[in-house]
$ cat query-v3.txt   # compact mmCIF, C-alpha atoms
# COMPACT_ATOMS: atom_id res chain seq x y z
CA MET A 1 182.32 77.75 111.60
CA GLU A 2 179.62 78.28 114.21
CA GLN A 3 176.73 75.86 114.48
CA GLY A 4 174.10 78.47 113.55
CA GLN A 5 176.08 79.66 110.57
CA GLU A 6 176.49 76.09 109.38
CA GLN A 7 172.79 75.40 109.78
CA GLY A 8 172.02 78.47 107.70
CA LEU A 9 174.36 77.28 104.94
CA VAL A 10 172.79 73.82 105.04
CA ARG A 11 169.31 75.32 104.67
CA GLN A 12 170.47 77.46 101.74
CA ALA A 13 172.08 74.42 100.14
CA GLN A 14 168.86 72.47 100.66
CA ALA A 15 167.11 75.19 98.65
CA GLY A 16 169.52 74.52 95.79
CA ASP A 17 172.20 77.11 96.54
CA THR A 18 175.42 75.54 95.28
CA GLY A 19 177.40 78.50 96.59
CA ALA A 20 176.32 77.66 100.15
CA PHE A 21 177.24 74.04 99.59
CA ALA A 22 180.64 75.12 98.28
CA SER A 23 181.21 76.86 101.62
CA LEU A 24 180.32 73.62 103.42
CA VAL A 25 182.73 71.74 101.17
CA ALA A 26 185.49 74.25 101.95
CA GLU A 27 184.80 73.86 105.66
CA HIS A 28 184.65 70.06 105.83
CA GLN A 29 186.75 68.77 102.96
CA ARG A 30 189.91 68.52 105.02
CA PHE A 31 188.56 66.31 107.77
CA CYS A 32 186.50 64.23 105.35
CA TYR A 33 189.58 63.65 103.24
CA ASN A 34 191.56 62.72 106.35
CA LEU A 35 188.88 60.31 107.53
CA ALA A 36 189.06 58.60 104.16
CA PHE A 37 192.84 58.70 104.05
CA GLN A 38 193.23 57.32 107.57
CA SER A 39 190.77 54.55 106.72
CA LEU A 40 192.03 53.58 103.29
CA GLY A 41 195.68 54.60 103.44
CA ASP A 42 195.73 55.71 99.82
CA THR A 43 195.56 59.33 98.68
CA ARG A 44 193.90 58.57 95.36
CA GLU A 45 191.20 56.43 96.93
CA ALA A 46 190.74 58.98 99.70
CA GLU A 47 190.21 61.72 97.13
CA ASP A 48 187.68 59.62 95.22
CA VAL A 49 185.79 58.74 98.40
CA THR A 50 185.74 62.39 99.51
CA GLN A 51 184.34 63.52 96.17
CA GLU A 52 181.77 60.74 96.18
CA ALA A 53 180.76 61.52 99.77
CA PHE A 54 180.11 65.19 99.03
CA LEU A 55 178.22 64.30 95.88
CA ARG A 56 176.02 61.88 97.84
CA ALA A 57 175.54 64.48 100.55
CA TRP A 58 174.41 67.02 97.94
CA LEU A 59 171.95 64.59 96.39
CA ALA A 60 170.61 63.49 99.79
CA LEU A 61 170.55 66.98 101.26
CA PRO A 62 166.81 67.54 100.67
CA ARG A 63 166.20 64.57 103.00
CA PHE A 64 168.50 65.91 105.75
CA ARG A 65 166.19 66.81 108.67
CA HIS A 66 168.68 68.52 111.02
CA GLN A 67 168.22 65.79 113.62
CA ALA A 68 172.00 65.49 113.82
CA ARG A 69 174.75 67.96 113.12
CA PHE A 70 175.58 68.28 109.44
CA ARG A 71 179.18 67.21 109.92
CA THR A 72 178.12 64.10 111.85
CA TRP A 73 175.82 63.19 108.97
CA LEU A 74 178.58 63.92 106.45
CA TYR A 75 181.20 61.89 108.30
CA ARG A 76 178.84 58.97 108.37
CA ILE A 77 178.57 59.09 104.59
CA VAL A 78 182.38 59.15 104.37
CA THR A 79 182.88 56.20 106.73
CA ASN A 80 180.14 54.18 105.02
CA LEU A 81 181.90 54.70 101.70
CA CYS A 82 185.21 53.72 103.31
CA CYS A 83 183.64 50.53 104.62
CA THR A 84 182.36 49.80 101.12
CA HIS A 85 185.85 50.31 99.72
CA LEU A 86 187.50 48.37 102.54
CA PRO A 87 185.10 45.73 103.95
CA ARG A 88 187.70 44.77 106.55
CA LEU A 89 187.20 48.17 108.18
CA ARG A 90 183.60 47.38 109.13
CA ARG A 91 184.66 44.10 110.72
CA ASP A 92 187.50 45.84 112.57
CA LEU A 93 185.16 48.52 113.88
CA GLU A 94 182.68 45.95 115.11
CA ALA A 95 185.49 43.89 116.66
CA LEU A 96 186.67 46.87 118.72
CA GLY A 97 184.16 46.11 121.42
CA GLU A 98 184.70 42.38 121.57
CA ASP A 99 185.87 40.91 124.86
CA GLY A 100 184.78 44.04 126.71
CA LEU A 101 187.30 45.36 129.18
CA ALA A 102 188.29 42.03 130.68
CA GLU A 103 191.66 41.82 128.96
CA LEU A 104 192.64 45.44 129.34
CA PRO A 105 195.77 46.05 131.34
CA ALA A 106 195.58 47.85 134.64
CA GLU A 107 196.11 51.59 134.68
CA SER A 108 199.44 52.89 135.82
CA SER A 109 199.32 55.72 138.30
CA GLY A 110 202.94 56.88 137.82
CA ASN A 111 204.10 59.90 135.90
CA PRO A 112 207.32 58.87 134.18
CA LEU A 113 207.15 61.45 131.42
CA ALA A 114 208.03 64.61 133.26
CA ASP A 115 211.59 64.93 131.97
CA LEU A 116 211.00 64.26 128.29
CA GLN A 117 210.92 67.04 125.76
CA VAL A 118 207.34 67.88 124.77
CA GLN A 119 207.98 67.99 121.05
CA GLU A 120 209.86 64.71 121.07
CA ARG A 121 207.18 62.90 122.98
CA ARG A 122 204.50 64.37 120.81
CA ALA A 123 206.27 63.24 117.64
CA PHE A 124 206.66 59.78 119.08
CA LEU A 125 202.99 59.57 120.02
CA HIS A 126 201.94 60.83 116.60
CA SER A 127 203.96 58.05 115.05
CA GLN A 128 202.20 55.61 117.36
CA ILE A 129 198.80 56.94 116.31
CA GLU A 130 199.82 56.36 112.71
CA ARG A 131 200.58 52.75 113.58
CA MET A 132 197.20 52.17 115.19
CA PRO A 133 194.63 50.01 113.38
CA GLU A 134 192.43 52.16 111.13
CA SER A 135 189.40 51.52 113.31
CA GLN A 136 191.07 52.87 116.47
CA ARG A 137 192.60 55.79 114.62
CA LEU A 138 189.21 56.78 113.24
CA ILE A 139 187.71 56.88 116.71
CA VAL A 140 190.65 58.89 118.05
CA LEU A 141 190.38 61.40 115.20
CA LEU A 142 186.64 61.82 115.61
CA ARG A 143 186.90 62.20 119.36
CA TYR A 144 189.94 64.42 119.74
CA ARG A 145 190.34 66.26 116.45
CA GLU A 146 186.64 66.87 115.80
CA GLU A 147 185.53 66.65 119.42
CA LEU A 148 182.48 64.56 118.63
CA SER A 149 180.58 63.07 121.53
CA TYR A 150 180.59 59.32 122.09
CA GLU A 151 177.03 59.18 120.80
CA GLU A 152 177.96 61.06 117.65
CA ILE A 153 180.92 58.78 117.02
CA ALA A 154 178.68 55.74 117.47
CA ASP A 155 176.28 57.28 114.97
CA VAL A 156 179.00 58.16 112.47
CA LEU A 157 180.64 54.73 112.57
CA ASP A 158 177.39 52.83 113.05
CA ILE A 159 178.68 50.90 116.04
CA PRO A 160 177.36 50.56 119.62
CA LEU A 161 178.19 53.25 122.16
CA GLY A 162 180.08 50.74 124.31
CA THR A 163 182.28 49.84 121.36
CA VAL A 164 183.23 53.49 120.98
CA LYS A 165 184.17 53.71 124.65
CA ILE A 166 186.19 50.53 124.56
CA GLY A 167 187.87 51.56 121.31
CA LEU A 168 188.91 54.89 122.82
CA PHE A 169 190.06 53.23 125.99
CA ARG A 170 192.20 50.77 124.08
CA ALA A 171 193.63 53.49 121.88
CA ARG A 172 194.72 55.46 124.91
CA GLN A 173 196.01 52.37 126.65
CA ARG A 174 198.04 51.57 123.59
CA LEU A 175 199.54 55.04 123.59
CA ARG A 176 200.20 54.91 127.31
CA ALA A 177 201.96 51.56 127.02
CA ALA A 178 204.03 52.80 124.08
CA LEU A 179 204.95 55.93 125.99
CA LEU A 180 206.04 53.94 129.02
CA GLU A 181 208.23 51.77 126.84
CA TYR A 182 209.62 54.84 125.20
CA GLU A 183 210.36 56.36 128.56
CA ASN A 184 212.07 53.22 129.72
CA GLY A 185 214.32 53.27 126.68
CA HIS A 186 212.97 50.09 125.14
CA LEU A 187 212.33 51.79 121.81
CA PRO A 188 215.07 53.35 119.70
CA MET A 189 214.36 57.07 119.49
CA LEU A 190 216.02 57.30 116.06
CA GLY A 191 213.17 55.29 114.55
CA VAL A 192 210.52 57.85 115.39
CA ALA A 193 208.81 59.04 112.26
CA GLN A 194 207.79 62.66 111.84
CA PRO A 195 204.18 62.84 110.72
CA ALA A 196 203.25 65.11 107.82
CA GLY A 197 202.12 68.65 108.56
CA ASP A 198 202.90 70.91 111.48
CA TRP A 199 201.86 70.26 115.05
CA ASN A 200 198.65 72.15 114.82
CA GLY A 201 197.57 70.15 111.81
CA ARG A 202 197.62 73.24 109.56
CA MET B 1 192.23 58.94 133.69
CA ASP B 2 188.69 57.66 134.05
CA ARG B 3 187.39 54.22 133.17
CA TRP B 4 186.87 55.11 129.51
CA GLY B 5 190.20 56.69 128.85
CA GLU B 6 189.43 60.40 129.16
CA PRO B 7 192.19 62.52 130.68
CA GLN B 8 191.53 63.67 134.21
CA SER B 9 194.80 64.89 135.55
CA GLY B 10 198.22 66.14 134.53
CA GLU B 11 199.68 62.67 134.25
CA THR B 12 197.92 62.03 130.97
CA ASP B 13 198.33 65.51 129.53
CA VAL B 14 201.01 64.29 127.18
CA ILE B 15 198.76 61.68 125.61
CA ALA B 16 195.82 64.06 125.51
CA ASP B 17 197.99 66.67 123.82
CA ALA B 18 199.27 64.12 121.31
CA VAL B 19 195.86 62.88 120.21
CA ARG B 20 194.50 66.41 119.97
CA THR B 21 197.39 67.63 117.86
CA TYR B 22 197.66 64.62 115.60
CA PRO B 23 198.37 66.32 112.27
CA LEU B 24 195.88 66.07 109.46
CA THR B 25 197.08 65.29 105.96
CA PRO B 26 196.90 68.30 103.62
CA VAL B 27 194.02 68.21 101.16
CA PRO B 28 195.08 67.62 97.55
CA PRO B 29 194.95 70.84 95.52
CA GLY B 30 191.77 71.25 93.52
CA LEU B 31 189.71 68.85 95.62
CA ALA B 32 186.96 71.39 96.32
CA SER B 33 186.83 72.39 92.66
CA ALA B 34 186.55 68.76 91.61
CA ILE B 35 183.76 68.20 94.14
CA MET B 36 181.80 71.25 92.99
CA SER B 37 182.32 70.32 89.36
CA ARG B 38 180.76 66.91 90.00
CA ILE B 39 177.93 68.49 91.96
CA GLN B 40 177.13 71.00 89.25
CA SER B 41 177.16 68.30 86.59
CA ALA B 42 174.81 66.22 88.74
CA THR B 43 172.42 69.11 89.33
CA PRO B 44 169.50 69.07 86.86
CA GLN B 45 169.74 72.09 84.58
CA ALA B 46 166.70 74.06 83.41
CA ARG B 47 165.77 72.74 79.94
CA PHE B 48 163.59 74.22 77.21
CA GLU B 49 160.29 72.41 77.31
CA LEU B 50 156.84 73.22 75.93
CA LYS B 51 153.93 72.71 78.28
CA TRP B 52 150.17 73.13 77.96
CA ILE B 53 150.37 76.69 79.22
CA ASP B 54 152.73 77.64 76.41
CA LEU B 55 150.36 76.22 73.79
CA ALA B 56 147.36 77.90 75.42
CA LEU B 57 149.10 81.26 75.44
CA ALA B 58 150.13 80.86 71.81
CA LEU B 59 146.56 79.98 70.83
CA PHE B 60 145.25 82.93 72.79
CA GLY B 61 147.72 85.31 71.18
CA ALA B 62 146.86 84.06 67.70
CA SER B 63 143.13 84.34 68.31
CA MET B 64 143.53 87.85 69.68
CA THR B 65 145.47 88.88 66.57
CA ALA B 66 142.85 87.35 64.30
CA LEU B 67 140.05 89.01 66.23
CA ALA B 68 141.75 92.39 66.06
CA TRP B 69 142.19 92.02 62.32
CA LEU B 70 138.54 91.02 61.84
CA LEU B 71 137.29 93.86 63.98
CA TRP B 72 139.46 96.24 62.06
CA GLN B 73 137.88 94.97 58.84
CA TRP B 74 134.31 94.94 60.11
CA LEU B 75 133.99 98.04 62.18
CA PRO B 76 133.54 100.51 59.29
CA ASN B 77 130.89 98.25 57.70
CA TRP B 78 128.84 97.53 60.81
CA PRO B 79 125.83 99.66 59.84
CA ALA B 80 125.68 98.12 56.37
CA TRP B 81 126.16 94.62 57.77
CA ALA B 82 123.42 95.20 60.31
CA ASN B 83 121.02 96.47 57.66
CA ALA B 84 121.75 93.47 55.45
CA LEU B 85 121.24 91.04 58.29
CA ALA B 86 118.19 92.70 59.79
CA PRO B 87 115.55 91.43 57.33
CA ASN B 88 116.58 87.81 58.07
CA ALA B 89 116.44 88.14 61.82
CA LEU B 90 113.44 88.03 64.07
CA VAL B 91 114.65 91.08 65.84
CA PRO B 92 116.50 93.70 63.86
CA LEU B 93 120.08 94.01 65.01
CA ASP B 94 121.03 97.27 66.49
CA PRO B 95 124.60 98.42 65.71
CA VAL B 96 124.88 99.35 69.37
CA ASP B 97 124.07 95.74 70.38
CA ILE B 98 126.66 94.46 67.95
CA ALA B 99 129.21 96.84 69.41
CA PHE B 100 128.37 95.62 72.94
CA GLY B 101 128.66 92.03 71.74
CA ALA B 102 132.07 92.72 70.26
CA ILE B 103 133.18 94.43 73.44
CA GLY B 104 131.94 91.41 75.42
CA ILE B 105 133.89 89.01 73.24
CA VAL B 106 137.02 91.11 73.42
CA GLY B 107 136.60 91.56 77.20
CA GLY B 108 136.10 87.83 77.70
CA LEU B 109 139.20 87.06 75.73
CA LEU B 110 141.14 89.62 77.73
CA VAL B 111 139.95 88.09 81.01
CA LEU B 112 140.94 84.66 79.71
CA GLY B 113 144.34 86.05 78.79
CA VAL B 114 144.84 87.51 82.25
CA CYS B 115 143.89 84.16 83.80
CA LEU B 116 146.39 82.38 81.58
CA VAL B 117 149.15 84.80 82.52
CA ILE B 118 148.38 84.36 86.23
CA ALA B 119 148.40 80.60 85.80
CA LEU B 120 151.71 80.88 83.96
CA VAL B 121 153.27 82.89 86.77
CA LEU B 122 151.85 80.98 89.72
CA LEU B 123 151.42 77.39 88.63
CA VAL B 124 154.41 76.57 86.44
CA PRO B 125 157.25 75.40 88.74
CA ARG B 126 160.76 76.60 88.02
CA PRO B 127 163.93 74.97 89.35
CA VAL B 128 165.94 77.11 91.77
CA ILE B 129 169.44 76.89 90.37
CA ARG B 130 172.04 79.43 91.23
CA LEU B 131 175.51 78.71 89.99
CA GLU B 132 178.05 80.71 91.91
CA PRO B 133 181.82 80.58 91.93
CA ILE B 134 183.53 78.41 94.51
CA PRO B 135 184.77 80.55 97.42
CA ARG B 136 188.55 80.60 97.71
$ encode --input "query-v3.txt" --output "structure tokens"
Amino acid sequence: MEQGQEQGLVRQAQAGDTGAFASLVAEHQRFCYNLAFQSLGDTREAEDVTQEAFLRAWLALPRFRHQARFRTWLYRIVTNLCCTHLPRLRRDLEALGEDGLAELPAESSGNPLADLQVQERRAFLHSQIERMPESQRLIVLLRYREELSYEEIADVLDIPLGTVKIGLFRARQRLRAALLEYENGHLPMLGVAQPAGDWNGR
Amino acid sequence: MDRWGEPQSGETDVIADAVRTYPLTPVPPGLASAIMSRIQSATPQARFELKWIDLALALFGASMTALAWLLWQWLPNWPAWANALAPNALVPLDPVDIAFGAIGIVGGLLVLGVCLVIALVLLVPRPVIRLEPIPR
């Protein structure tokens, strides 16, 4: 959905048009549900949180001033509800930025992945993303699946900008390290789990 | 890769591809319907409620009906009524004056009625509620 089209729907919904809001629900329900599911790890709770988030968004919509994108505002409602359901998540998010970059391992400049099959590597990395802490996985999802800016992620998760950067850095470092181990044959390839859904997330 | 972990060259394409294609979990069936159901139940519905404008309009309608009935009763007897009343008045009543007076009263009531209708249309707020089916 284009930005202008979404803004138009939001304005209609602000005027009380439930049909316009239903279109916004249809557009954003999937990612909102996934944010909740990736945070809470339970489908039932994720469904409840998603419903509650949209209900709160509907009730607060008259106060939405278009200072941020609608989806950024909506995702913030979802993550706030997730933090209420899982208080540990808030602590984990805030802890992402602790210790700065001092303990991060040095970057490797090699390219050891050239001979691996693309699908196999992708499946392995998806399984590694699933094993990430919820806080890192949320940042990765917001950055790469929804292509939010660092500032928007900081706003959604209510954490400092530097914490977002460090969290992303660590997430990628974690994947890089896992991939190097995988390449070097330190991980059994039979244990790689296939994530749900197809590769395009459809 | 830059300091913050963004891909810059082909060496990190695999990781970039993996994080961008991380599959989303399918949405449970009926989630959108459940959301809209909760939203519609939380939306205040228009309720029947009497306000001052309703009472004023009812009073105006009743008075107009009563006035019409009285005029209907009195109009044929105006000359006789005027003649009976004339000896008691300082100035004898002219049937024409009485007719003008009646027209004035009726006109005033009509103007009042128009004002009430305008107030009803312009001043009474109505909730904007449009219930439409959820798009598939």
$ atom_distance --input "query-v3.txt" --atom1 "CA of Ile39 (chain B)" --atom2 "CA of Gln3 (chain A)"
23.7 Å
$ axis_aligned_box --input "query-v3.txt" --around "region 97-105 of chain B" --padding-each-side "4 Å" --output "lines of an AutoDock Vina configuration file"
center_x = 129.0
center_y = 92.9
center_z = 71.7
size_x = 17.8
size_y = 15.8
size_z = 15.5
$ atom_distance --input "query-v3.txt" --atom1 "CA of Ile159 (chain A)" --atom2 "CA of Gln173 (chain A)"
20.4 Å
$ atom_distance --input "query-v3.txt" --atom1 "CA of Ala15 (chain A)" --atom2 "CA of Gln29 (chain A)"
21.1 Å
$ closest_residue --input "query-v3.txt" --among "A:Glu94, A:Glu181, A:Asp158, A:Glu52" --to "chain B" --atoms "only C-alpha atoms"
A:Glu52
$ residues_near_point --input "query-v3.txt" --point "(199.3, 59.2, 117.0)" --cutoff "10 Å" --atoms "all atoms listed in the file" --output "VMD selection string"
(chain A and resid 122 to 132 137 140 to 141 171 to 172 175 195) or (chain B and resid 15 18 to 23)
$ write_last_selection --input "query-v3.txt" --atoms "C-alpha atoms" --output "PDB file, in the coordinates of the input"
ATOM      1  CA  ARG A 122     204.500  64.370 120.810  1.00  0.00           C
ATOM      2  CA  ALA A 123     206.270  63.240 117.640  1.00  0.00           C
ATOM      3  CA  PHE A 124     206.660  59.780 119.080  1.00  0.00           C
ATOM      4  CA  LEU A 125     202.990  59.570 120.020  1.00  0.00           C
ATOM      5  CA  HIS A 126     201.940  60.830 116.600  1.00  0.00           C
ATOM      6  CA  SER A 127     203.960  58.050 115.050  1.00  0.00           C
ATOM      7  CA  GLN A 128     202.200  55.610 117.360  1.00  0.00           C
ATOM      8  CA  ILE A 129     198.800  56.940 116.310  1.00  0.00           C
ATOM      9  CA  GLU A 130     199.820  56.360 112.710  1.00  0.00           C
ATOM     10  CA  ARG A 131     200.580  52.750 113.580  1.00  0.00           C
ATOM     11  CA  MET A 132     197.200  52.170 115.190  1.00  0.00           C
ATOM     12  CA  ARG A 137     192.600  55.790 114.620  1.00  0.00           C
ATOM     13  CA  VAL A 140     190.650  58.890 118.050  1.00  0.00           C
ATOM     14  CA  LEU A 141     190.380  61.400 115.200  1.00  0.00           C
ATOM     15  CA  ALA A 171     193.630  53.490 121.880  1.00  0.00           C
ATOM     16  CA  ARG A 172     194.720  55.460 124.910  1.00  0.00           C
ATOM     17  CA  LEU A 175     199.540  55.040 123.590  1.00  0.00           C
ATOM     18  CA  PRO A 195     204.180  62.840 110.720  1.00  0.00           C
TER      19      PRO A 195
ATOM     20  CA  ILE B  15     198.760  61.680 125.610  1.00  0.00           C
ATOM     21  CA  ALA B  18     199.270  64.120 121.310  1.00  0.00           C
ATOM     22  CA  VAL B  19     195.860  62.880 120.210  1.00  0.00           C
ATOM     23  CA  ARG B  20     194.500  66.410 119.970  1.00  0.00           C
ATOM     24  CA  THR B  21     197.390  67.630 117.860  1.00  0.00           C
ATOM     25  CA  TYR B  22     197.660  64.620 115.600  1.00  0.00           C
ATOM     26  CA  PRO B  23     198.370  66.320 112.270  1.00  0.00           C
TER      27      PRO B  23
END
$ residues_around --input "query-v3.txt" --residues "Leu71 (chain B)" --least-positions-apart "6" --cutoff "12 Å" --atoms "all atoms listed in the file" --output "mmCIF file with C-alpha atoms, in the coordinates of the input"
data_model
loop_
_atom_site.group_PDB
_atom_site.id
_atom_site.type_symbol
_atom_site.label_atom_id
_atom_site.label_comp_id
_atom_site.auth_asym_id
_atom_site.auth_seq_id
_atom_site.Cartn_x
_atom_site.Cartn_y
_atom_site.Cartn_z
ATOM 1 C CA SER B 63 143.130 84.340 68.310
ATOM 2 C CA MET B 64 143.530 87.850 69.680
ATOM 3 C CA THR B 65 145.470 88.880 66.570
ATOM 4 C CA ASN B 77 130.890 98.250 57.700
ATOM 5 C CA TRP B 78 128.840 97.530 60.810
ATOM 6 C CA ILE B 98 126.660 94.460 67.950
ATOM 7 C CA ALA B 99 129.210 96.840 69.410
ATOM 8 C CA GLY B 101 128.660 92.030 71.740
ATOM 9 C CA ALA B 102 132.070 92.720 70.260
ATOM 10 C CA ILE B 103 133.180 94.430 73.440
ATOM 11 C CA ILE B 105 133.890 89.010 73.240
ATOM 12 C CA VAL B 106 137.020 91.110 73.420
#
$ closest_residue --input "query-v3.txt" --among "B:Val96, B:Ala16, B:Ala42, B:Leu24" --to "chain A" --atoms "only C-alpha atoms"
B:Leu24
$ decode --input "query-v3.txt" --residues "region 151-168 of chain A" --atoms "N, CA and C atoms" --output "short mmCIF file (atom, residue, chain, number, x, y, z; two decimals), in the first residue's frame"
data_model
loop_
_atom_site.label_atom_id
_atom_site.label_comp_id
_atom_site.auth_asym_id
_atom_site.auth_seq_id
_atom_site.Cartn_x
_atom_site.Cartn_y
_atom_site.Cartn_z
N GLU A 151 15.63 5.32 13.20
CA GLU A 151 14.87 6.23 14.06
C GLU A 151 13.47 5.67 14.31
N GLU A 152 12.88 5.11 13.26
CA GLU A 152 11.53 4.55 13.43
C GLU A 152 11.54 3.33 14.35
N ILE A 153 12.59 2.52 14.23
CA ILE A 153 12.69 1.35 15.11
C ILE A 153 12.84 1.81 16.56
N ALA A 154 13.69 2.82 16.76
CA ALA A 154 13.88 3.35 18.11
C ALA A 154 12.55 3.87 18.66
N ASP A 155 11.76 4.48 17.80
CA ASP A 155 10.47 5.01 18.23
C ASP A 155 9.50 3.87 18.54
N VAL A 156 9.48 2.87 17.68
CA VAL A 156 8.56 1.74 17.87
C VAL A 156 8.87 1.00 19.17
N LEU A 157 10.16 0.74 19.39
CA LEU A 157 10.54 -0.08 20.55
C LEU A 157 10.83 0.76 21.79
N ASP A 158 10.78 2.09 21.61
CA ASP A 158 11.02 2.99 22.74
C ASP A 158 12.39 2.74 23.38
N ILE A 159 13.39 2.67 22.54
CA ILE A 159 14.77 2.50 23.01
C ILE A 159 15.64 3.53 22.29
N PRO A 160 16.84 3.83 22.83
CA PRO A 160 17.71 4.82 22.17
C PRO A 160 18.16 4.35 20.79
N LEU A 161 18.48 5.32 19.96
CA LEU A 161 18.92 5.03 18.59
C LEU A 161 20.18 4.15 18.60
N GLY A 162 21.10 4.46 19.51
CA GLY A 162 22.33 3.67 19.58
C GLY A 162 22.06 2.21 19.92
N THR A 163 21.05 1.99 20.74
CA THR A 163 20.69 0.61 21.10
C THR A 163 20.20 -0.15 19.87
N VAL A 164 19.47 0.54 19.03
CA VAL A 164 18.99 -0.09 17.79
C VAL A 164 20.19 -0.49 16.93
N LYS A 165 21.12 0.42 16.79
CA LYS A 165 22.29 0.14 15.94
C LYS A 165 23.11 -1.02 16.50
N ILE A 166 23.31 -0.99 17.80
CA ILE A 166 24.09 -2.07 18.41
C ILE A 166 23.34 -3.40 18.30
N GLY A 167 22.02 -3.34 18.52
CA GLY A 167 21.22 -4.56 18.42
C GLY A 167 21.30 -5.16 17.04
N LEU A 168 21.22 -4.32 16.02
CA LEU A 168 21.31 -4.80 14.64
C LEU A 168 22.71 -5.36 14.35
#
